[in-house]
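Listing of work.cif; format and content: mmCIF, C-alpha atoms.
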data_data
loop_
_atom_site.label_atom_id
_atom_site.label_comp_id
_atom_site.auth_asym_id
_atom_site.auth_seq_id
_atom_site.Cartn_x
_atom_site.Cartn_y
_atom_site.Cartn_z
CA MET A 1 3.47 34.33 29.51
CA SER A 2 1.36 32.26 31.83
CA SER A 3 1.78 28.50 31.61
CA ARG A 4 -1.84 28.00 32.63
CA LYS A 5 -4.20 27.22 29.80
CA ARG A 6 -7.85 28.14 29.56
CA ARG A 7 -10.17 25.23 30.10
CA ARG A 8 -12.00 24.30 26.95
CA SER A 9 -15.76 24.73 26.98
CA ILE A 10 -18.21 21.92 26.33
CA PHE A 11 -19.02 23.63 23.01
CA ASP A 12 -15.36 23.39 21.93
CA LEU A 13 -15.34 19.71 22.82
CA ILE A 14 -18.58 19.05 20.92
CA SER A 15 -17.25 20.99 17.95
CA ASP A 16 -14.06 18.88 17.98
CA TYR A 17 -16.12 15.72 18.22
CA VAL A 18 -18.35 16.70 15.28
CA GLU A 19 -15.25 17.60 13.25
CA GLU A 20 -13.72 14.24 14.07
CA MET A 21 -16.89 12.40 12.99
CA GLU A 22 -17.04 14.40 9.75
CA SER A 23 -13.43 13.56 9.03
CA LEU A 24 -14.10 9.88 9.69
CA ALA A 25 -17.14 9.97 7.39
CA ASP A 26 -15.02 11.70 4.73
CA ASP A 27 -12.38 8.99 5.03
CA LEU A 28 -14.98 6.27 4.68
CA LEU A 29 -16.74 7.94 1.76
CA SER A 30 -13.53 8.83 -0.01
CA VAL A 31 -12.98 5.12 -0.65
CA GLU A 32 -15.93 5.13 -2.98
CA ARG A 33 -14.87 8.32 -4.75
CA PRO A 34 -12.51 7.86 -7.69
CA SER A 35 -8.87 8.56 -6.88
CA TRP A 36 -8.76 10.82 -9.94
CA ASP A 37 -10.67 13.89 -11.12
CA VAL A 38 -10.70 14.65 -14.84
CA ARG A 39 -12.32 18.09 -14.41
CA ALA A 40 -9.63 19.22 -11.99
CA SER A 41 -6.93 17.22 -13.86
CA THR A 42 -5.81 15.78 -10.54
CA ILE A 43 -4.79 12.40 -9.23
CA GLN A 44 -5.12 11.63 -5.55
CA PRO A 45 -1.89 10.03 -4.32
CA LEU A 46 -1.64 7.41 -1.61
CA CYS A 47 -0.92 9.16 1.64
CA ASN A 48 -0.14 8.06 5.17
CA VAL A 49 -0.03 9.82 8.54
CA SER A 50 1.75 8.41 11.56
CA VAL A 51 1.91 10.02 14.98
CA ALA A 52 5.05 9.57 17.05
CA GLN A 53 5.91 10.91 20.49
CA ASP A 54 7.50 14.12 19.22
CA GLU A 55 6.32 14.46 15.66
CA VAL A 56 3.78 13.60 13.02
CA VAL A 57 5.16 12.03 9.86
CA VAL A 58 3.12 12.41 6.69
CA THR A 59 4.18 10.57 3.56
CA ALA A 60 2.73 10.59 0.05
CA ASP A 61 3.61 8.41 -2.93
CA LEU A 62 4.17 10.80 -5.84
CA PRO A 63 5.51 8.83 -8.84
CA PHE A 64 6.39 10.96 -11.92
CA SER A 65 6.16 14.14 -9.87
CA ASP A 66 8.42 17.15 -10.25
CA PRO A 67 10.20 17.61 -6.88
CA ASP A 68 10.49 21.39 -7.34
CA SER A 69 6.73 21.76 -7.69
CA ILE A 70 5.78 20.11 -4.40
CA LYS A 71 3.65 22.32 -2.16
CA ILE A 72 2.75 21.58 1.44
CA GLU A 73 0.18 23.80 3.14
CA LEU A 74 -2.07 23.70 6.16
CA SER A 75 -5.51 24.43 4.75
CA ASP A 76 -6.84 24.70 8.29
CA GLU A 77 -5.41 24.00 11.72
CA ARG A 78 -5.60 20.23 11.28
CA THR A 79 -5.63 19.63 7.52
CA LEU A 80 -2.48 19.30 5.45
CA GLU A 81 -2.73 19.74 1.70
CA ILE A 82 -0.07 18.28 -0.56
CA SER A 83 0.17 19.03 -4.26
CA ALA A 84 2.77 18.37 -6.95
CA LYS A 85 2.96 18.69 -10.70
CA ILE A 86 3.26 15.50 -12.74
CA ARG A 87 6.36 15.76 -14.92
CA ARG A 88 5.02 13.76 -17.86
CA ARG A 89 1.76 13.56 -19.74
CA VAL A 90 -0.64 11.14 -18.05
CA CYS A 91 -3.96 10.61 -19.77
CA CYS A 92 -6.96 8.54 -18.72
CA GLU A 93 -5.89 5.68 -20.97
CA ASP A 94 -2.51 5.44 -19.19
CA LEU A 95 -4.40 4.64 -16.00
CA GLY A 96 -6.64 2.10 -17.75
CA ILE A 97 -9.61 4.52 -17.82
CA ILE A 98 -11.26 3.92 -21.18
CA HIS A 99 -14.76 5.33 -20.65
CA GLN A 100 -13.61 8.90 -20.16
CA ARG A 101 -11.13 11.20 -21.86
CA GLY A 102 -8.81 13.65 -20.19
CA GLU A 103 -5.36 14.33 -18.83
CA PHE A 104 -3.90 14.66 -15.40
CA SER A 105 -1.34 17.29 -14.51
CA THR A 106 -1.29 17.41 -10.72
CA PHE A 107 -1.26 15.26 -7.61
CA ASN A 108 -3.44 16.62 -4.86
CA CYS A 109 -4.52 15.30 -1.50
CA GLN A 110 -5.71 16.59 1.82
CA THR A 111 -5.03 14.70 4.97
CA ARG A 112 -6.08 15.27 8.53
CA ILE A 113 -3.42 15.74 11.21
CA PRO A 114 -4.79 14.20 14.39
CA VAL A 115 -2.75 16.30 16.86
CA ALA A 116 -1.55 19.91 17.01
CA VAL A 117 1.70 20.50 15.08
CA ASP A 118 4.15 23.32 14.52
CA MET A 119 4.08 23.93 10.76
CA LYS A 120 6.89 26.49 10.94
CA ARG A 121 9.38 23.83 12.03
CA ARG A 122 8.38 21.29 9.41
CA THR A 123 11.02 19.47 7.41
CA LYS A 124 10.58 17.55 4.19
CA ARG A 125 12.48 15.21 1.95
CA PHE A 126 11.67 13.58 -1.34
CA LYS A 127 13.27 10.25 -2.09
CA LYS A 128 12.29 7.34 -4.33
CA GLY A 129 9.26 9.36 -5.46
CA ILE A 130 7.94 9.50 -1.92
CA LEU A 131 7.46 12.74 -0.04
CA GLU A 132 8.08 12.67 3.69
CA VAL A 133 7.01 15.63 5.82
CA ARG A 134 7.98 15.76 9.49
CA LEU A 135 5.89 18.04 11.66
CA PRO A 136 7.02 18.58 15.27
CA ARG A 137 4.14 18.23 17.72
CA LYS A 138 3.06 21.24 19.76
CA LYS A 139 3.59 20.62 23.43
CA GLY A 140 0.66 20.79 25.80
CA TYR A 141 1.00 21.53 29.46
CA GLU A 142 2.64 19.13 31.84
CA ILE A 143 0.71 17.52 34.67
CA LYS A 144 2.99 17.27 37.66
CA VAL A 145 3.05 13.97 39.49
CA GLU A 146 3.18 14.49 43.24
CA MET B 1 -25.06 -23.19 4.71
CA LEU B 2 -21.46 -22.94 3.61
CA VAL B 3 -20.75 -20.77 0.58
CA PRO B 4 -19.36 -23.04 -2.18
CA ILE B 5 -15.85 -22.47 -3.55
CA ASN B 6 -15.25 -23.96 -6.99
CA PHE B 7 -11.97 -24.19 -8.88
CA VAL B 8 -13.01 -24.21 -12.51
CA GLU B 9 -10.31 -25.77 -14.71
CA LYS B 10 -10.29 -24.40 -18.26
CA LYS B 11 -7.23 -26.40 -19.33
CA PRO B 12 -5.40 -29.43 -17.91
CA ILE B 13 -3.35 -28.56 -14.82
CA PRO B 14 0.19 -29.99 -14.98
CA SER B 15 1.19 -32.32 -12.17
CA GLY B 16 4.41 -31.70 -10.24
CA ALA B 17 4.66 -28.00 -11.12
CA THR B 18 6.02 -25.22 -8.90
CA MET B 19 3.27 -22.88 -7.67
CA LEU B 20 3.94 -19.17 -7.18
CA CYS B 21 1.21 -17.38 -5.20
CA GLY B 22 0.67 -13.63 -5.27
CA PHE B 23 -2.14 -12.33 -3.12
CA PRO B 24 -2.81 -8.70 -2.20
CA ASP B 25 -0.74 -7.85 0.85
CA VAL B 26 1.67 -5.13 2.01
CA GLY B 27 3.25 -3.22 -0.89
CA LEU B 28 1.25 -5.46 -3.27
CA VAL B 29 4.54 -7.34 -3.58
CA GLY B 30 2.97 -10.72 -4.38
CA VAL B 31 0.44 -9.36 -6.86
CA LEU B 32 3.07 -7.33 -8.72
CA ALA B 33 5.38 -10.35 -8.83
CA SER B 34 2.67 -12.72 -10.08
CA SER B 35 1.33 -10.25 -12.60
CA TYR B 36 4.81 -9.64 -13.99
CA VAL B 37 5.63 -13.35 -14.31
CA ILE B 38 2.31 -14.06 -16.06
CA SER B 39 2.98 -11.32 -18.57
CA GLU B 40 6.74 -11.91 -19.00
CA LEU B 41 6.43 -15.67 -19.51
CA ALA B 42 3.14 -15.30 -21.47
CA LEU B 43 1.39 -17.87 -19.26
CA ASP B 44 -2.04 -19.20 -20.15
CA GLU B 45 -5.06 -19.00 -17.90
CA LEU B 46 -5.65 -22.54 -16.67
CA ALA B 47 -8.24 -22.17 -13.91
CA TYR B 48 -10.26 -19.65 -11.96
CA VAL B 49 -12.06 -19.46 -8.64
CA ASP B 50 -15.83 -19.17 -8.58
CA SER B 51 -17.13 -18.31 -5.13
CA ASP B 52 -19.43 -15.85 -3.41
CA LEU B 53 -16.66 -15.40 -0.84
CA LEU B 54 -14.94 -13.20 -3.41
CA PRO B 55 -16.25 -9.63 -3.77
CA PRO B 56 -18.93 -9.02 -6.47
CA VAL B 57 -16.23 -8.03 -8.93
CA VAL B 58 -15.27 -9.12 -12.42
CA VAL B 59 -11.96 -8.12 -13.92
CA LEU B 60 -12.23 -7.02 -17.54
CA HIS B 61 -9.36 -8.05 -19.80
CA LYS B 62 -9.53 -7.49 -23.55
CA GLY B 63 -13.23 -6.78 -23.16
CA LEU B 64 -14.07 -10.04 -21.42
CA PRO B 65 -15.07 -10.61 -17.77
CA HIS B 66 -12.85 -12.78 -15.57
CA SER B 67 -12.82 -13.98 -11.99
CA PRO B 68 -10.60 -11.84 -9.76
CA MET B 69 -8.72 -14.96 -8.61
CA ARG B 70 -7.10 -17.06 -11.30
CA VAL B 71 -4.36 -19.61 -11.93
CA PHE B 72 -2.03 -19.26 -14.91
CA GLY B 73 0.72 -21.59 -15.99
CA ASN B 74 2.73 -23.66 -18.38
CA SER B 75 3.99 -27.25 -18.14
CA SER B 76 6.19 -26.63 -15.09
CA LEU B 77 5.04 -23.43 -13.44
CA LEU B 78 1.70 -22.36 -11.96
CA VAL B 79 1.03 -18.78 -10.90
CA THR B 80 -1.95 -17.77 -8.80
CA ILE B 81 -3.03 -14.16 -8.71
CA ALA B 82 -5.86 -12.27 -7.03
CA GLU B 83 -6.63 -9.00 -8.77
CA THR B 84 -8.78 -7.65 -5.99
CA ALA B 85 -8.29 -7.48 -2.24
CA ILE B 86 -9.42 -10.72 -0.61
CA PRO B 87 -12.11 -9.91 1.98
CA ALA B 88 -10.88 -10.58 5.50
CA ARG B 89 -14.12 -12.32 6.47
CA GLY B 90 -13.77 -15.15 3.93
CA ILE B 91 -10.05 -15.52 3.66
CA GLN B 92 -9.57 -18.60 5.83
CA ARG B 93 -12.11 -20.73 3.97
CA LEU B 94 -10.91 -19.48 0.62
CA MET B 95 -7.26 -20.23 1.39
CA ARG B 96 -8.05 -23.64 2.86
CA SER B 97 -10.00 -24.62 -0.27
CA PHE B 98 -7.24 -23.23 -2.42
CA MET B 99 -4.64 -25.34 -0.65
CA GLU B 100 -6.81 -28.48 -0.96
CA TRP B 101 -7.00 -27.84 -4.69
CA VAL B 102 -3.23 -27.22 -4.90
CA LYS B 103 -2.61 -30.45 -2.97
CA SER B 104 -4.74 -32.41 -5.45
CA LYS B 105 -2.38 -31.25 -8.24
CA ASN B 106 0.71 -32.84 -6.60
CA THR B 107 2.49 -29.52 -6.66
CA LYS B 108 6.26 -29.81 -6.33
CA MET B 109 6.70 -26.68 -4.23
CA ILE B 110 4.46 -23.77 -3.20
CA VAL B 111 6.05 -20.32 -3.06
CA PRO B 112 3.91 -17.49 -1.73
CA ILE B 113 5.55 -14.13 -2.38
CA GLY B 114 4.88 -11.11 -0.19
CA GLY B 115 6.32 -8.10 1.54
CA ILE B 116 7.66 -7.54 5.00
CA PRO B 117 7.16 -3.88 5.90
CA VAL B 118 10.12 -1.87 7.12
CA GLN B 119 9.96 1.70 8.41
CA ASN B 120 13.10 2.90 6.61
CA ARG B 121 12.17 1.43 3.23
CA GLN B 122 12.88 4.77 1.52
CA ASP B 123 16.53 4.48 2.51
CA ILE B 124 16.97 0.90 1.32
CA GLU B 125 18.40 0.62 -2.18
CA LYS B 126 18.21 -3.15 -2.50
CA PRO B 127 15.43 -4.76 -0.46
CA GLU B 128 16.51 -7.93 1.33
CA VAL B 129 14.42 -11.06 1.01
CA PHE B 130 13.64 -13.34 3.94
CA GLY B 131 12.16 -16.79 3.92
CA THR B 132 9.85 -18.90 6.01
CA ALA B 133 9.33 -22.59 5.49
CA SER B 134 6.64 -25.22 6.05
CA SER B 135 9.01 -27.88 7.43
CA VAL B 136 12.51 -28.45 8.77
CA ASP B 137 13.53 -29.82 5.37
CA MET B 138 12.33 -26.62 3.69
CA ILE B 139 14.26 -24.50 6.21
CA ARG B 140 17.37 -26.44 5.15
CA PHE B 141 16.41 -25.78 1.53
CA LEU B 142 16.32 -22.03 2.23
CA GLU B 143 19.63 -22.18 4.07
CA GLN B 144 21.23 -24.02 1.16
CA HIS B 145 20.23 -21.06 -1.00
CA LYS B 146 21.68 -18.65 1.58
CA LEU B 147 18.34 -17.08 2.38
CA ASP B 148 17.82 -15.55 5.82
CA VAL B 149 15.07 -17.43 7.61
CA LEU B 150 12.55 -15.61 9.81
CA ARG B 151 12.81 -17.81 12.87
CA GLU B 152 10.47 -16.08 15.33
CA GLY B 153 7.53 -13.74 14.95
CA TYR B 154 4.11 -13.51 13.41
CA MET B 155 2.78 -13.67 9.88
CA VAL B 156 -0.71 -12.38 9.10
CA GLY B 157 -2.76 -12.61 5.92
CA PRO B 158 -2.96 -14.85 2.84
CA GLN B 159 0.72 -15.85 2.88
CA ALA B 160 0.42 -16.79 6.55
CA LEU B 161 -2.55 -19.07 5.91
CA ILE B 162 -0.86 -20.77 2.95
CA MET B 163 2.16 -21.53 5.11
CA ARG B 164 0.00 -22.80 7.97
CA TYR B 165 -2.06 -25.12 5.78
CA CYS B 166 1.05 -26.36 3.95
CA ALA B 167 2.68 -27.21 7.29
CA GLU B 168 -0.48 -29.04 8.43
CA ASP B 169 -0.71 -31.03 5.18
CA ASN B 170 3.04 -31.60 4.88
CA LEU B 171 3.23 -29.75 1.57
CA PRO B 172 6.66 -28.32 0.66
CA ALA B 173 6.39 -24.53 0.82
CA VAL B 174 8.62 -21.52 1.27
CA ALA B 175 7.38 -17.96 1.56
CA LEU B 176 9.61 -15.24 0.11
CA LEU B 177 9.12 -11.93 1.90
CA ALA B 178 10.90 -8.84 0.59
CA GLN B 179 11.48 -5.69 2.63
CA SER B 180 8.79 -3.32 1.41
CA PHE B 181 6.62 -0.30 2.01
CA TYR B 182 3.52 -1.13 4.03
CA ASN B 183 0.94 0.82 2.09
CA TYR B 184 2.64 1.92 -1.12
CA PRO B 185 2.98 -0.42 -4.11
CA ASP B 186 6.56 -1.63 -4.19
CA PRO B 187 7.75 -2.97 -7.57
CA GLU B 188 11.40 -2.98 -6.40
CA ALA B 189 10.47 -5.34 -3.57
CA ALA B 190 8.58 -7.54 -6.05
CA ALA B 191 11.68 -7.62 -8.26
CA ALA B 192 13.89 -8.59 -5.30
CA ALA B 193 11.52 -11.41 -4.35
CA LEU B 194 11.40 -12.65 -7.95
CA ARG B 195 15.20 -12.74 -8.15
CA GLN B 196 15.19 -15.08 -5.16
CA PHE B 197 12.35 -17.09 -6.69
CA SER B 198 14.50 -17.58 -9.78
CA THR B 199 17.46 -18.63 -7.63
CA ILE B 200 15.58 -21.27 -5.65
CA THR B 201 13.42 -22.66 -8.46
CA GLY B 202 15.61 -22.21 -11.54
CA VAL B 203 12.77 -20.42 -13.37
CA LYS B 204 14.44 -17.67 -15.40
CA ILE B 205 12.76 -14.29 -15.04
CA ASP B 206 14.34 -11.03 -16.18
CA VAL B 207 13.01 -8.42 -13.76
CA ALA B 208 14.54 -5.40 -15.51
CA LYS B 209 11.22 -4.20 -16.94
CA LEU B 210 9.53 -4.50 -13.56
CA VAL B 211 12.04 -2.05 -12.09
CA GLU B 212 12.02 0.23 -15.15
CA LYS B 213 8.24 0.52 -15.09
CA GLY B 214 8.22 1.09 -11.34
CA GLU B 215 6.71 4.59 -11.34
CA GLU B 216 4.05 3.65 -13.87
CA ILE B 217 3.08 0.61 -11.81
CA ARG B 218 2.88 2.69 -8.63
CA LEU B 219 0.59 5.16 -10.34
CA ARG B 220 -1.78 2.46 -11.53
CA ALA B 221 -1.75 0.33 -8.40
CA ARG B 222 -2.96 3.04 -5.98
CA ASP B 223 -6.59 1.96 -5.81
CA MET B 224 -5.83 -1.72 -5.30
CA MET B 225 -3.30 -0.79 -2.61
CA LYS B 226 -5.91 1.30 -0.81
CA ARG B 227 -8.51 -1.45 -0.78
CA THR B 228 -5.92 -4.04 0.22
CA GLN B 229 -4.85 -1.87 3.15
CA GLN B 230 -8.45 -1.75 4.39
CA GLU B 231 -8.70 -5.56 4.36
CA LEU B 232 -5.27 -5.94 5.98
CA THR B 233 -6.40 -3.68 8.82
CA LYS B 234 -9.39 -5.96 9.37
CA MET B 235 -6.99 -8.94 9.52
CA ASN B 236 -4.91 -7.16 12.22
CA LYS B 237 -1.92 -7.11 9.91
CA GLY B 238 -0.15 -4.86 12.41
CA GLN B 239 0.39 -7.94 14.57
CA GLU B 240 3.34 -8.82 12.34
CA SER B 241 5.25 -6.06 14.12
CA ASP B 242 4.42 -7.45 17.56
CA LEU B 243 7.27 -8.86 19.56
CA PRO B 244 7.10 -12.64 19.76
CA LEU B 245 6.70 -14.03 23.26
CA TYR B 246 8.89 -17.04 23.86
CA ILE B 247 10.14 -17.55 27.39
#

I'd like the structure from this file rewritten - as structure tokens, please.
Amino acid sequence: MSSRKRRRSIFDLISDYVEEMESLADDLLSVERPSWDVRASTIQPLCNVSVAQDEVVVTADLPFSDPDSIKIELSDERTLEISAKIRRRVCCEDLGIIHQRGEFSTFNCQTRIPVAVDMKRRTKRFKKGILEVRLPRKKGYEIKVE
Amino acid sequence: MLVPINFVEKKPIPSGATMLCGFPDVGLVGVLASSYVISELALDELAYVDSDLLPPVVVLHKGLPHSPMRVFGNSSLLVTIAETAIPARGIQRLMRSFMEWVKSKNTKMIVPIGGIPVQNRQDIEKPEVFGTASSVDMIRFLEQHKLDVLREGYMVGPQALIMRYCAEDNLPAVALLAQSFYNYPDPEAAAAALRQFSTITGVKIDVAKLVEKGEEIRLRARDMMKRTQQELTKMNKGQESDLPLYI
């Protein structure tokens, strides 16, 4: 296999840029969306992404979740979806929501991974109700210093 | 024109009381601690802050609107709590006014409670609590209680400003900072900080329920944590992890 990589076209770069802007807009707008959805019976957990030299670490706070039900999927090349079943009955009132009725059965969140990762080599652990997913970064090509 | 900041006193404020301060910060440690003490000791609302520097928010409790920043207390203890993230743009004026008001009440000691984020928090069973002090005498006070003192580094946010203004005004203050998650609500850290608060002040607080209800609290505190994190970013909270430069 050749180590040389194809140069990316201007259209690829623009597409990446637009995607980045859309993601940023989503992040900003998501603040004003409720962190819960009665119709989908889901609660959006707090989630964090940190990029290190060799890996991306994604964590999510999943209190009351059933560890065996946790699912981690890449919904596209750069978006990680985390879901988990809630192990006890949580209704709107439990969260202080009085003006609406309903129950929540699942945690669900999607988070953007800012760099390319190797999903096949991912590792996860669940401790203190917090999920930690480690995703090794895909290596690019090396620029030789002469 | 400066935006006015008024401290509206609903009941007489006791003189010579200890003041616990819990403002939104990493892990919501201070807010969780304050909220728990108010509920556990059934403290009365004594005063509230009225200012346009606070967000256009009222907090509804038992059907009634309240200011998001209030002071509760009894004859010997005052507890300040902010139930919404304090906007970064107004925090210095708000905290300075707050400290002027606290000073006018001849407070015995001011104890801001907060978190100190650690990367391996998940692996820590019992969060350690560190202290900072407003004067050499207060450092000795912490040492007498066998608390590790943060001797070098940076503090950023509401706790930092309280400590700075207390040092300037020669008010006795110690900040209690528990190892915590940065952006996840951390009731265990709040419990650890409250245990130390009890030790140094003699105020008895049983933190068992705070730990027991940990998961429930984390579920309910997500939105406040998210908004707090946004304000902390604006305050450059990350500077707390910077290496101090002393040559």

Specify as a short mmCIF file (atom, residue, chain, number, x, y, z; two decimals) with C-alpha atoms, keeping the file's coordinate frame all residues of chain A found within 9 Å of chain B, counting all atoms listed in the file.
data_model
loop_
_atom_site.label_atom_id
_atom_site.label_comp_id
_atom_site.auth_asym_id
_atom_site.auth_seq_id
_atom_site.Cartn_x
_atom_site.Cartn_y
_atom_site.Cartn_z
CA VAL A 31 -12.98 5.12 -0.65
CA PRO A 34 -12.51 7.86 -7.69
CA SER A 35 -8.87 8.56 -6.88
CA GLN A 44 -5.12 11.63 -5.55
CA PRO A 45 -1.89 10.03 -4.32
CA LEU A 46 -1.64 7.41 -1.61
CA CYS A 47 -0.92 9.16 1.64
CA ASN A 48 -0.14 8.06 5.17
CA ALA A 60 2.73 10.59 0.05
CA ASP A 61 3.61 8.41 -2.93
CA LEU A 62 4.17 10.80 -5.84
CA PRO A 63 5.51 8.83 -8.84
CA PHE A 64 6.39 10.96 -11.92
CA ASP A 94 -2.51 5.44 -19.19
CA LEU A 95 -4.40 4.64 -16.00
CA GLY A 96 -6.64 2.10 -17.75
CA LYS A 127 13.27 10.25 -2.09
CA LYS A 128 12.29 7.34 -4.33
CA GLY A 129 9.26 9.36 -5.46
CA ILE A 130 7.94 9.50 -1.92
#

Would you write out, as an MDAnalysis selection string, every residue that the PyMOL selection byres ((chain A and resi 79) around 7) captures in this file?
chainID A and resid 74:78 80:81 110:113

Please expand the PyMOL selection byres ((chain B and resi 111) around 12) into the concrete residues it hits in this file, giving the result as a PyMOL selection string.
chain B and resi 17-23+30+33-34+77-80+102+107-110+112-114+131-134+138+142+159-160+162-163+166+171-177+193-194+196-198+200-201

Using the chain letters and residue numbers of this document, give as a ChimeraX atom specification the residues selected by the PyMOL selection byres ((chain A and resi 82) around 8).
/A:70-73,80-81,83-84,107-110

Near Glu9 (chain B), counting all atoms listed in the file, which residues have an atom at most 12 Å away, once you skip same-chain residues fewer than 6 positions from it, shown as a list in words?
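With the cut-off at 12 Å, the set is Asp44, Glu45, Leu46, Ala47, Tyr48, Val49, Asp50, Arg70, Val71, Phe72, Gly73, Trp101 and Lys105 of chain B.
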